[in-house]
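I have placed the structure first, in the form of structure tokens, so that the comments after it can refer back to it.
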Amino acid sequence: MTRIVPATISVVSALTLALSAATASAAEPTTDHQDVTEQSQATLDNKAATDDQSLRGQTGNRHHKKAKEKIEKVIVIGTAEQQIKQSLGVSVITSEDLERRPPANDLAELIRKMPGVNLTGNSASGQYGNNRQIDLRGMGPENTLILVDGKPVSSRNSVRMGRSGERNSRGDSNWVPADAVERIEILRGPAAARYGSGASGGVVNIITKAPSKKLHGSVTLFTNQPEDSLEGSSERAGFNLSGGLTDELSFRLYGNLNKTDADDPRLNANFATSDTAMAPAGREGVRNKDVNGLVRWDASKHQVFEFEAGFSRQGNIYAGDRAVNSNGSDLMDELANNGVETNIMYRQSASIAHRGSWDWGDTNLSFSYENTRNHRLNEGLAGGGEGSITSDSEWSTSTYETYELAGSASVPFKLLGLAHNGTLGFEVGQDKLDDPHSVSQGTMGGAIDGLSDVRNGKSDSKYQALYAEDNIELTRAWMLTAGVRMDHYDKFGNNFSPYVSSSYELTQDLTLRVGIAKAFKAPNLYQANPDYLYYTRGNGCPNQFPSQGAGCYILGNDDLDPETSVNKEVGLQYQHTGWNASLTYFRNDYDGKIVSGLVPYGENDNGAYLLQWVNADKAIVEGFEGNLKVPLIGEYGEVLNWNTNITYMDKNRNETTNQPLSVIPRYTINSMLDWQVIDDLSLSFTWTRYGTQRPQTLTLTGADAAGDELREREPYSLLSLGANYHFNDALRFSLGVTNLTDRRLFREATNSAAGANTYNEPGRAYYLSATYSF
């Protein structure tokens with residue numbers, strides 16, 4: 001007898017095993033299907049219950065039927081989401097990886113070691129060069145969607161976007177402390193398109209540790225000390241606690257305190273424009289305070305409810321950063337030397353979720369809320385003062401709120417003799433921005449038709465989305481996953497996003513995988529606000545349209561279209577007894593990137609040119625990703641294994657202007673040796689090589705760059721060594737050295753004046769972590 005059952009009975013089991021075995025270089029996908037024989041239904045039920053505790057966001061199917069004397073043969077077909085997570089463009093960082101290589105503060109420090117990942121700005125301007133964020137496949141940080149437990153994080157959207165397309169933001173990868181993370185999933189290219197707006201480059205899903213039935217807890221202390229006293233050190237303390245309250249109720253609670261000092265203002269002193277000018281700023285410091293609690297109610301063996309709430313505070317430690325001002329000011333110099341908090345972000349989140357298992361399939365339903373208050377000293381909005389702090393006493397607050405209701409149902413079925421697992425889902429949400437300071441720039445060059453003197457800093461966007469997808473077993477060796485998503489935004493209209501991927505087992509060890517998807521990103525609420533105004537008195541006017549004496553304006557545009565991209569990948573994967581090798585070609589055809597325009601649509605009565613944010617021409621991102629895992633000692637490398645990934649960027653440019661979308665290395669190689677010396681001691685060695693980074697050849701105004709503006713950042717390597725020692729069952733230590741050879745690089749300008757030399761690469765540092773568990 002053959003029966004089709006929902007995926008999570010044993011595909012979740014397989015996925016859990018794959019994730020626990022995954023290395024930091026790439027996930028090791030499981031087989032696309034499984035035949036489960038010689039097991040009773042009760043055994044499967046118990047396995048699903050175990051998986052449900054260990055794998056967040058999944059619910060095992062526990063269909064209770066009358067005992068049968070005859071053992072059934074069960075064919076299990078994964079959902080489209082589970083199948084997509086086996087694509088070549090997917091990598092996983094496990095909690096064990098985080099223990100072996102703990103980040104000093106931001107999870108981006110580890111995520112950058114994955115294939116296809118860089119840390120960059122959202123443009124090639126060089127502004128805020130040390131506030132680099134996760135960039136997947138060269139599409140820019142704004143096209144990387146950050147999720148926590150599958151829920152979008154949007155705090156960076158509370159930070160004003162300047163004319164260059166940059167935000168003075170640390171991004172959204174630092175809201176969850178490393179000690180609270182169960183794993184991190186990085187989905188690139190077509191694998192990410194199903195997640196909607198903002199996922200054109202990919203998705204980073206940070207999955208926190210789930211509640212346990214028994215009382216468990218841990219306390220971790222961490223320090224990172226640079227060898228150079230001018231570089232900022234880090235200290236961190238955190239705790240995790242989870243356990244059962246009753247037979248049906250369990251909880252999880254984590255908290256975190258972290259302080260990462262700012263780099264000393266003298267760090268880049270050799271690159272000050274004069275003896276009296278401020279040097280380009282080093283890395284900004286940050287104080288983190290995080291607390292998060294979750295209560296889980298197992299209402300029955302089939303129904304799970306989760307109630308979660310969290311609060312975080314991130315206060316910066318000012319290092320002297322500014323957007324375009326090369327010389328700085330006495331005020332900014334004083335604030336940097338005193339280590340003042342000039343920006344404090346408060347993030348509150350809450351959610352309610354239900355996961356159900358029924359006779360016919362699985363359901364997920366959740367409501368989430370996020371509120372970010374971005375409280376900062378006022379900064380100049382335009383011209384040469386853009387991004388420069390203008391007062392030590394005048395503060396403003398930008399508030400960003402998101403609401404989202406999301407649900408899905410997955411149903412296994414058989415059609416035309418083929419096994420399917422179909423999913424229907426929806427999302428309904430609203431984003432709201434209130435930033436009165438961002439619209440306070442005056443019309444210095446005269447009135448503008450349609451723009452009042454009192455402008456509104458409030459804007460919002462409502463959206464609805466429906467999606468349908470199916471995972472189909474065409475043959476025992478061939479799986480096909482197809483889906484379509486329809487999004488409607490009240491301000492930007494409809495967007496249609498189809499996606500399809502397929503895997504075919506050429507041999508028992510060799511698999512061909514292909515995927516294609518259309519992705520999009522809706523305009524942000526600064527770009528789309530017609531009251532958002534930028535003004536330059538003259539030097540910032542487009543090169544082809546120099547000031548006529550009254551300067552130039554750039555206005556928000558409520559008639560923008562979403563950015564779109566067609567993402568494609570094809571690759572081969574080889575897996576055999578601990579070996580894992582893959583090579584993937586990817587190409588993204590990018591259309592409609594939103595930029596500040598260089599061609600006026602008119603002028604005012606005083607002769608000031610009027611420009612807007614516009615959708616630009618086509619761009620292309622193209623390259624290769626490769627992975628190689630070699631088990632050196634032990635059949636599966638359990639004693640000594642070598643993991644390497646490489647990313648080669650062949651193209652990353654605007655097709656009309658031939659300008660880079662962002663400044664990223666030509667190639668990146670991450671190579672890691674992990675050695676389990678004895679049961680209680682492991683060692684790891686990491687080598688990273690970054691290729692040449694080339695700057696833009698046109699300035700922000702469209703003029704030809706010249707001199708130092710064309711300087712490249714030459715290739716360089718970083719080496720690190722770490723150890724992890726279990727003193728006993730309760731006490732664990734991690735220690736190591738980063739940048740072993742002390743290969744240091746410096747930020748040489750506040751903008752693109754030094755070409756691609758826009759960020760600091762810190763020197764040798766020593767870290768120590770101690771964890772006590774009970």
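Ligands are numbered from 1 in the order shown, chains are lettered A, B, ... in the order of the structure tokens, and residues start at 1 in each chain.
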### Exercise: segment 723-729 of chain A partners within 10 Å, only C-alpha atoms, chain neighbours under 3 positions left out, as a PyMOL selection string
chain A and resi 99-101+674-676+678-685+732-737+768-774
Atoms to include: N, CA, C and O atoms. Write the selected residues as an mmCIF file, in the first residue's frame.
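Generated file (out_33.cif):
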data_model
loop_
_atom_site.group_PDB
_atom_site.id
_atom_site.type_symbol
_atom_site.label_atom_id
_atom_site.label_comp_id
_atom_site.auth_asym_id
_atom_site.auth_seq_id
_atom_site.Cartn_x
_atom_site.Cartn_y
_atom_site.Cartn_z
ATOM 1 N N GLU A 99 29.796 29.130 17.446
ATOM 2 C CA GLU A 99 30.651 28.839 18.592
ATOM 3 C C GLU A 99 32.115 28.824 18.183
ATOM 4 O O GLU A 99 32.976 29.325 18.911
ATOM 5 N N ARG A 100 32.424 28.253 17.011
ATOM 6 C CA ARG A 100 33.815 28.155 16.571
ATOM 7 C C ARG A 100 34.380 29.504 16.147
ATOM 8 O O ARG A 100 35.573 29.777 16.335
ATOM 9 N N ARG A 101 33.534 30.356 15.547
ATOM 10 C CA ARG A 101 34.008 31.637 15.017
ATOM 11 C C ARG A 101 33.058 32.747 15.454
ATOM 12 O O ARG A 101 32.329 33.318 14.639
ATOM 13 N N ASP A 674 38.815 22.737 9.636
ATOM 14 C CA ASP A 674 38.268 22.438 10.960
ATOM 15 C C ASP A 674 38.816 21.095 11.426
ATOM 16 O O ASP A 674 38.631 20.071 10.750
ATOM 17 N N TRP A 675 39.466 21.112 12.597
ATOM 18 C CA TRP A 675 40.150 19.930 13.114
ATOM 19 C C TRP A 675 39.613 19.609 14.499
ATOM 20 O O TRP A 675 39.751 20.412 15.424
ATOM 21 N N GLN A 676 38.992 18.437 14.625
ATOM 22 C CA GLN A 676 38.546 17.944 15.933
ATOM 23 C C GLN A 676 39.713 17.176 16.545
ATOM 24 O O GLN A 676 39.877 15.977 16.354
ATOM 25 N N ILE A 678 40.643 16.403 19.750
ATOM 26 C CA ILE A 678 40.111 15.387 20.646
ATOM 27 C C ILE A 678 38.639 15.707 20.846
ATOM 28 O O ILE A 678 38.133 16.704 20.319
ATOM 29 N N ASP A 679 37.942 14.886 21.630
ATOM 30 C CA ASP A 679 36.504 15.107 21.797
ATOM 31 C C ASP A 679 36.193 16.497 22.315
ATOM 32 O O ASP A 679 35.177 17.092 21.953
ATOM 33 N N ASP A 680 37.059 17.038 23.169
ATOM 34 C CA ASP A 680 36.773 18.310 23.834
ATOM 35 C C ASP A 680 37.462 19.507 23.201
ATOM 36 O O ASP A 680 37.236 20.635 23.637
ATOM 37 N N LEU A 681 38.308 19.292 22.209
ATOM 38 C CA LEU A 681 39.086 20.393 21.638
ATOM 39 C C LEU A 681 39.000 20.375 20.113
ATOM 40 O O LEU A 681 39.257 19.358 19.475
ATOM 41 N N SER A 682 38.620 21.511 19.548
ATOM 42 C CA SER A 682 38.623 21.681 18.094
ATOM 43 C C SER A 682 39.376 22.950 17.735
ATOM 44 O O SER A 682 39.378 23.932 18.494
ATOM 45 N N LEU A 683 40.026 22.911 16.595
ATOM 46 C CA LEU A 683 40.760 24.061 16.077
ATOM 47 C C LEU A 683 40.220 24.419 14.700
ATOM 48 O O LEU A 683 39.771 23.545 13.948
ATOM 49 N N SER A 684 40.274 25.698 14.362
ATOM 50 C CA SER A 684 39.839 26.128 13.028
ATOM 51 C C SER A 684 40.809 27.169 12.499
ATOM 52 O O SER A 684 41.324 28.009 13.241
ATOM 53 N N PHE A 685 41.044 27.079 11.206
ATOM 54 C CA PHE A 685 41.927 28.022 10.522
ATOM 55 C C PHE A 685 41.181 28.555 9.309
ATOM 56 O O PHE A 685 40.616 27.790 8.525
ATOM 57 N N ARG A 732 32.436 25.963 28.481
ATOM 58 C CA ARG A 732 33.064 25.942 27.170
ATOM 59 C C ARG A 732 33.803 27.250 26.929
ATOM 60 O O ARG A 732 33.319 28.335 27.306
ATOM 61 N N PHE A 733 34.983 27.163 26.314
ATOM 62 C CA PHE A 733 35.768 28.341 25.984
ATOM 63 C C PHE A 733 36.025 28.395 24.481
ATOM 64 O O PHE A 733 36.252 27.358 23.843
ATOM 65 N N SER A 734 35.995 29.606 23.931
ATOM 66 C CA SER A 734 36.444 29.851 22.565
ATOM 67 C C SER A 734 37.466 30.968 22.599
ATOM 68 O O SER A 734 37.270 31.966 23.315
ATOM 69 N N LEU A 735 38.544 30.805 21.880
ATOM 70 C CA LEU A 735 39.551 31.858 21.822
ATOM 71 C C LEU A 735 40.220 31.817 20.466
ATOM 72 O O LEU A 735 40.220 30.784 19.785
ATOM 73 N N GLY A 736 40.790 32.942 20.066
ATOM 74 C CA GLY A 736 41.413 32.967 18.758
ATOM 75 C C GLY A 736 42.027 34.300 18.420
ATOM 76 O O GLY A 736 41.970 35.268 19.203
ATOM 77 N N VAL A 737 42.599 34.345 17.235
ATOM 78 C CA VAL A 737 43.242 35.536 16.701
ATOM 79 C C VAL A 737 42.669 35.799 15.319
ATOM 80 O O VAL A 737 42.645 34.907 14.466
ATOM 81 N N LEU A 768 38.178 36.126 23.211
ATOM 82 C CA LEU A 768 37.979 35.073 24.204
ATOM 83 C C LEU A 768 36.515 35.047 24.586
ATOM 84 O O LEU A 768 35.915 36.090 24.858
ATOM 85 N N SER A 769 35.938 33.856 24.584
ATOM 86 C CA SER A 769 34.534 33.678 24.946
ATOM 87 C C SER A 769 34.429 32.535 25.935
ATOM 88 O O SER A 769 35.081 31.494 25.767
ATOM 89 N N ALA A 770 33.615 32.713 26.969
ATOM 90 C CA ALA A 770 33.365 31.668 27.959
ATOM 91 C C ALA A 770 31.865 31.506 28.122
ATOM 92 O O ALA A 770 31.140 32.491 28.320
ATOM 93 N N THR A 771 31.387 30.261 28.044
ATOM 94 C CA THR A 771 29.964 29.959 28.162
ATOM 95 C C THR A 771 29.745 28.915 29.245
ATOM 96 O O THR A 771 30.371 27.843 29.222
ATOM 97 N N TYR A 772 28.873 29.253 30.178
ATOM 98 C CA TYR A 772 28.472 28.298 31.209
ATOM 99 C C TYR A 772 27.034 27.888 30.936
ATOM 100 O O TYR A 772 26.136 28.733 30.826
ATOM 101 N N SER A 773 26.794 26.580 30.808
ATOM 102 C CA SER A 773 25.467 26.065 30.478
ATOM 103 C C SER A 773 24.963 25.165 31.594
ATOM 104 O O SER A 773 25.747 24.514 32.298
ATOM 105 N N PHE A 774 23.657 25.129 31.738
ATOM 106 C CA PHE A 774 23.057 24.240 32.748
ATOM 107 C C PHE A 774 21.741 23.680 32.199
ATOM 108 O O PHE A 774 21.209 24.159 31.212
#
Residues of segment 269-417 of chain A in strand (DSSP E or B) according to DSSP, as a compact mmCIF listing (two decimals) with N, CA and C atoms, in the first residue's frame?
# COMPACT_ATOMS: atom_id res chain seq x y z
N GLY A 285 31.26 53.02 16.77
CA GLY A 285 30.97 52.08 17.84
C GLY A 285 29.48 51.92 18.05
N VAL A 286 29.11 50.98 18.92
CA VAL A 286 27.69 50.74 19.19
C VAL A 286 27.52 50.13 20.56
N ARG A 287 26.47 50.54 21.25
CA ARG A 287 26.04 49.90 22.49
C ARG A 287 24.72 49.18 22.22
N ASN A 288 24.69 47.89 22.46
CA ASN A 288 23.50 47.08 22.23
C ASN A 288 22.88 46.66 23.55
N LYS A 289 21.56 46.74 23.61
CA LYS A 289 20.79 46.15 24.71
C LYS A 289 19.61 45.42 24.08
N ASP A 290 19.51 44.13 24.32
CA ASP A 290 18.47 43.31 23.69
C ASP A 290 17.81 42.42 24.74
N VAL A 291 16.50 42.30 24.65
CA VAL A 291 15.77 41.31 25.45
C VAL A 291 14.60 40.81 24.61
N ASN A 292 14.37 39.51 24.65
CA ASN A 292 13.32 38.92 23.83
C ASN A 292 12.75 37.72 24.56
N GLY A 293 11.42 37.62 24.56
CA GLY A 293 10.77 36.50 25.21
C GLY A 293 9.74 35.86 24.31
N LEU A 294 9.62 34.54 24.42
CA LEU A 294 8.66 33.78 23.62
C LEU A 294 8.00 32.73 24.50
N VAL A 295 6.68 32.62 24.38
CA VAL A 295 5.92 31.58 25.06
C VAL A 295 5.26 30.72 24.00
N ARG A 296 5.46 29.41 24.14
CA ARG A 296 4.89 28.46 23.19
C ARG A 296 3.82 27.62 23.90
N TRP A 297 2.68 27.51 23.23
CA TRP A 297 1.56 26.71 23.76
C TRP A 297 1.27 25.58 22.80
N ASP A 298 1.55 24.36 23.21
CA ASP A 298 1.17 23.19 22.44
C ASP A 298 -0.25 22.82 22.83
N GLN A 303 -1.55 21.31 17.15
CA GLN A 303 -1.73 22.75 17.10
C GLN A 303 -0.73 23.44 18.04
N VAL A 304 0.01 24.40 17.49
CA VAL A 304 1.03 25.12 18.25
C VAL A 304 0.80 26.62 18.10
N PHE A 305 0.81 27.33 19.22
CA PHE A 305 0.72 28.79 19.24
C PHE A 305 2.01 29.35 19.83
N GLU A 306 2.48 30.49 19.29
CA GLU A 306 3.65 31.17 19.85
C GLU A 306 3.35 32.65 20.01
N PHE A 307 3.76 33.19 21.15
CA PHE A 307 3.56 34.60 21.48
C PHE A 307 4.95 35.16 21.79
N GLU A 308 5.35 36.20 21.05
CA GLU A 308 6.72 36.69 21.18
C GLU A 308 6.72 38.21 21.27
N ALA A 309 7.64 38.76 22.06
CA ALA A 309 7.83 40.20 22.15
C ALA A 309 9.30 40.48 22.41
N GLY A 310 9.80 41.57 21.85
CA GLY A 310 11.21 41.91 22.02
C GLY A 310 11.43 43.41 22.05
N PHE A 311 12.53 43.80 22.68
CA PHE A 311 12.93 45.21 22.73
C PHE A 311 14.45 45.28 22.57
N SER A 312 14.89 46.21 21.73
CA SER A 312 16.33 46.43 21.52
C SER A 312 16.63 47.91 21.49
N ARG A 313 17.80 48.22 21.97
CA ARG A 313 18.31 49.59 21.91
C ARG A 313 19.71 49.55 21.32
N GLN A 314 19.94 50.30 20.26
CA GLN A 314 21.26 50.45 19.69
C GLN A 314 21.64 51.92 19.72
N GLY A 315 22.66 52.23 20.51
CA GLY A 315 23.17 53.60 20.55
C GLY A 315 24.55 53.63 19.94
N ASN A 316 24.76 54.50 18.98
CA ASN A 316 26.07 54.56 18.33
C ASN A 316 27.09 55.25 19.24
N ILE A 317 28.35 55.05 18.95
CA ILE A 317 29.44 55.81 19.56
C ILE A 317 30.13 56.51 18.38
N ASN A 343 23.17 58.97 17.85
CA ASN A 343 22.04 58.29 17.22
C ASN A 343 21.65 57.10 18.08
N ILE A 344 20.38 57.05 18.47
CA ILE A 344 19.87 55.94 19.28
C ILE A 344 18.65 55.37 18.57
N MET A 345 18.67 54.07 18.35
CA MET A 345 17.54 53.40 17.70
C MET A 345 16.89 52.45 18.70
N TYR A 346 15.58 52.61 18.85
CA TYR A 346 14.79 51.74 19.71
C TYR A 346 13.89 50.89 18.82
N ARG A 347 14.01 49.59 18.98
CA ARG A 347 13.20 48.68 18.17
C ARG A 347 12.33 47.82 19.08
N GLN A 348 11.03 47.82 18.81
CA GLN A 348 10.09 46.96 19.52
C GLN A 348 9.42 46.03 18.51
N SER A 349 9.26 44.78 18.89
CA SER A 349 8.61 43.83 17.99
C SER A 349 7.69 42.92 18.79
N ALA A 350 6.66 42.45 18.14
CA ALA A 350 5.72 41.52 18.77
C ALA A 350 5.08 40.68 17.67
N SER A 351 4.73 39.45 18.01
CA SER A 351 4.09 38.58 17.02
C SER A 351 3.27 37.51 17.72
N ILE A 352 2.27 37.03 16.99
CA ILE A 352 1.45 35.88 17.38
C ILE A 352 1.44 34.94 16.19
N ALA A 353 1.70 33.67 16.45
CA ALA A 353 1.77 32.71 15.34
C ALA A 353 1.06 31.42 15.71
N HIS A 354 0.49 30.79 14.70
CA HIS A 354 -0.15 29.48 14.87
C HIS A 354 0.34 28.56 13.77
N ARG A 355 0.71 27.34 14.14
CA ARG A 355 1.08 26.32 13.18
C ARG A 355 0.21 25.11 13.44
N GLY A 356 -0.44 24.64 12.40
CA GLY A 356 -1.36 23.53 12.56
C GLY A 356 -1.06 22.38 11.63
N SER A 357 -1.35 21.20 12.11
CA SER A 357 -1.22 19.99 11.30
C SER A 357 -2.58 19.31 11.26
N ASP A 362 -0.73 21.08 6.27
CA ASP A 362 -0.20 21.96 7.30
C ASP A 362 -0.61 23.41 7.03
N THR A 363 -0.76 24.20 8.08
CA THR A 363 -1.06 25.63 7.95
C THR A 363 -0.14 26.44 8.85
N ASN A 364 0.11 27.67 8.43
CA ASN A 364 0.84 28.65 9.22
C ASN A 364 0.10 29.97 9.15
N LEU A 365 -0.06 30.62 10.28
CA LEU A 365 -0.72 31.92 10.32
C LEU A 365 0.00 32.77 11.36
N SER A 366 0.35 34.02 11.00
CA SER A 366 1.05 34.88 11.95
C SER A 366 0.68 36.34 11.74
N PHE A 367 0.73 37.08 12.83
CA PHE A 367 0.61 38.53 12.78
C PHE A 367 1.83 39.10 13.48
N SER A 368 2.52 40.04 12.82
CA SER A 368 3.73 40.63 13.40
C SER A 368 3.67 42.15 13.34
N TYR A 369 4.30 42.76 14.33
CA TYR A 369 4.35 44.23 14.44
C TYR A 369 5.77 44.62 14.79
N GLU A 370 6.24 45.71 14.13
CA GLU A 370 7.57 46.23 14.41
C GLU A 370 7.51 47.74 14.46
N ASN A 371 8.15 48.31 15.46
CA ASN A 371 8.21 49.77 15.61
C ASN A 371 9.66 50.16 15.87
N THR A 372 10.18 51.07 15.06
CA THR A 372 11.54 51.58 15.24
C THR A 372 11.49 53.08 15.39
N ARG A 373 12.09 53.56 16.47
CA ARG A 373 12.23 55.00 16.69
C ARG A 373 13.71 55.35 16.53
N ASN A 374 13.99 56.12 15.50
CA ASN A 374 15.35 56.50 15.14
C ASN A 374 15.56 57.94 15.65
N HIS A 375 16.25 58.04 16.79
CA HIS A 375 16.42 59.32 17.49
C HIS A 375 17.86 59.78 17.27
N ARG A 376 18.06 60.92 16.60
CA ARG A 376 19.43 61.32 16.29
C ARG A 376 19.58 62.83 16.28
N LEU A 377 20.85 63.26 16.53
CA LEU A 377 21.17 64.67 16.38
C LEU A 377 20.94 65.07 14.92
N GLU A 379 21.10 66.31 11.27
CA GLU A 379 22.16 66.34 10.27
C GLU A 379 21.73 67.23 9.11
N GLY A 380 22.71 67.82 8.44
CA GLY A 380 22.42 68.59 7.25
C GLY A 380 21.73 67.73 6.20
N GLU A 386 25.36 67.96 3.76
CA GLU A 386 24.58 66.74 3.86
C GLU A 386 25.27 65.71 4.76
N ILE A 389 26.59 66.58 11.26
CA ILE A 389 25.86 67.00 12.46
C ILE A 389 26.00 68.50 12.62
N TRP A 395 17.68 67.49 18.42
CA TRP A 395 17.43 66.11 18.06
C TRP A 395 16.12 66.01 17.28
N SER A 396 16.01 64.98 16.47
CA SER A 396 14.75 64.68 15.80
C SER A 396 14.55 63.16 15.84
N THR A 397 13.31 62.75 15.65
CA THR A 397 12.97 61.32 15.71
C THR A 397 12.21 60.92 14.46
N SER A 398 12.69 59.88 13.84
CA SER A 398 11.99 59.26 12.71
C SER A 398 11.40 57.95 13.21
N THR A 399 10.11 57.73 12.95
CA THR A 399 9.42 56.51 13.40
C THR A 399 8.98 55.69 12.21
N TYR A 400 9.29 54.41 12.26
CA TYR A 400 8.89 53.50 11.18
C TYR A 400 8.14 52.33 11.79
N GLU A 401 6.94 52.07 11.27
CA GLU A 401 6.11 50.99 11.79
C GLU A 401 5.73 50.05 10.65
N THR A 402 5.70 48.77 10.96
CA THR A 402 5.23 47.78 9.99
C THR A 402 4.23 46.85 10.67
N TYR A 403 3.20 46.50 9.92
CA TYR A 403 2.20 45.52 10.35
C TYR A 403 2.09 44.48 9.24
N GLU A 404 2.06 43.22 9.61
CA GLU A 404 1.90 42.20 8.58
C GLU A 404 1.12 41.00 9.11
N LEU A 405 0.13 40.60 8.33
CA LEU A 405 -0.61 39.37 8.56
C LEU A 405 -0.26 38.42 7.42
N ALA A 406 0.23 37.23 7.76
CA ALA A 406 0.66 36.29 6.73
C ALA A 406 0.15 34.90 7.06
N GLY A 407 -0.17 34.15 6.03
CA GLY A 407 -0.64 32.78 6.24
C GLY A 407 -0.37 31.92 5.03
N SER A 408 -0.30 30.61 5.26
CA SER A 408 -0.10 29.68 4.16
C SER A 408 -0.67 28.32 4.54
N ALA A 409 -1.00 27.53 3.53
CA ALA A 409 -1.48 26.17 3.72
C ALA A 409 -0.79 25.29 2.69
N SER A 410 -0.21 24.18 3.16
CA SER A 410 0.47 23.24 2.28
C SER A 410 -0.31 21.92 2.27
N VAL A 411 -0.58 21.43 1.07
CA VAL A 411 -1.43 20.24 0.92
C VAL A 411 -0.74 19.24 0.00
N PRO A 412 -0.46 18.03 0.48
CA PRO A 412 0.07 17.00 -0.40
C PRO A 412 -1.08 16.34 -1.17
N PHE A 413 -0.83 16.01 -2.42
CA PHE A 413 -1.87 15.34 -3.20
C PHE A 413 -1.21 14.58 -4.35
N LYS A 414 -2.00 13.79 -5.00
CA LYS A 414 -1.53 13.03 -6.14
C LYS A 414 -2.36 13.42 -7.35
N LEU A 415 -1.71 13.72 -8.47
CA LEU A 415 -2.40 14.16 -9.68
C LEU A 415 -1.68 13.58 -10.88
#### Entry: Counting only C-alpha atoms, the option among A:Gly597, A:Gly171, A:Asn580, A:Ala730 closest to Gly217 of chain A
A:Ala730
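Interatomic distance, atom CA of Asn205 of chain A against atom CA of Val566 of chain A: 21.7 Å.
For the choices A:Asp434, A:Glu231, A:Asp561, A:Glu81, the atom-to-atom distance to Phe746 of chain A is smallest for A:Glu231 when using only C-alpha atoms.
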### Message
Restricting the calculation to only C-alpha atoms: of A:Asn174, A:Asn627, A:Thr647, A:Asn529, which residue gets closest to Gln612 of chain A?
### Response
A:Asn529
Long-range neighbours of segment 261-266 of chain A as a PDB file with C-alpha atoms, in the first residue's frame, 7 Å cut-off, only C-alpha atoms, 3 positions minimum in chain:
ATOM      1  CA  LEU A 230      43.311  53.096  18.110  1.00  0.00           C
ATOM      2  CA  GLU A 231      40.842  50.403  17.009  1.00  0.00           C
ATOM      3  CA  GLY A 232      37.658  49.765  18.949  1.00  0.00           C
ATOM      4  CA  SER A 233      37.375  46.766  21.280  1.00  0.00           C
ATOM      5  CA  SER A 234      34.225  44.767  22.129  1.00  0.00           C
ATOM      6  CA  ALA A 269      44.992  60.675  10.388  1.00  0.00           C
ATOM      7  CA  ALA A 279      40.566  62.602   9.278  1.00  0.00           C
ATOM      8  CA  ALA A 281      36.112  58.502  10.176  1.00  0.00           C
ATOM      9  CA  GLY A 282      36.956  54.982  11.255  1.00  0.00           C
ATOM     10  CA  ARG A 283      34.392  52.402  12.333  1.00  0.00           C
ATOM     11  CA  GLU A 284      31.522  53.696  14.433  1.00  0.00           C
ATOM     12  CA  GLY A 285      30.973  52.079  17.841  1.00  0.00           C
ATOM     13  CA  VAL A 286      27.687  50.744  19.188  1.00  0.00           C
ATOM     14  CA  ILE A 317      29.445  55.812  19.555  1.00  0.00           C
ATOM     15  CA  TYR A 318      30.295  58.581  17.111  1.00  0.00           C
ATOM     16  CA  ALA A 319      33.548  58.263  15.161  1.00  0.00           C
ATOM     17  CA  GLY A 320      33.271  61.465  13.107  1.00  0.00           C
ATOM     18  CA  ALA A 336      34.030  62.069  18.055  1.00  0.00           C
ATOM     19  CA  ASN A 337      36.776  62.652  20.623  1.00  0.00           C
TER      20      ASN A 337
END
### Task
Pick out the closest residue to Arg322 of chain A from this set: A:Thr273, A:Asn168, A:Asn606, A:Asn495. Count only C-alpha atoms.
A:Asn168
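For Pro102 of chain A, the residues within 9 Å (counting only C-alpha atoms, excluding itself and residues fewer than 4 positions away along the chain) are A:Asp97, A:Leu98, A:Leu107, A:Glu109, A:Leu110, A:Ala178, A:Asp179, A:Phe222, A:Ser734, A:Tyr767, A:Ser769.
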#### Entry: Exercise: segment 181-195 of chain A partners within 6 Å, only C-alpha atoms, chain neighbours under 6 positions left out, as a ChimeraX atom specification
/A:84,89-95,201-209,515-517,519,567
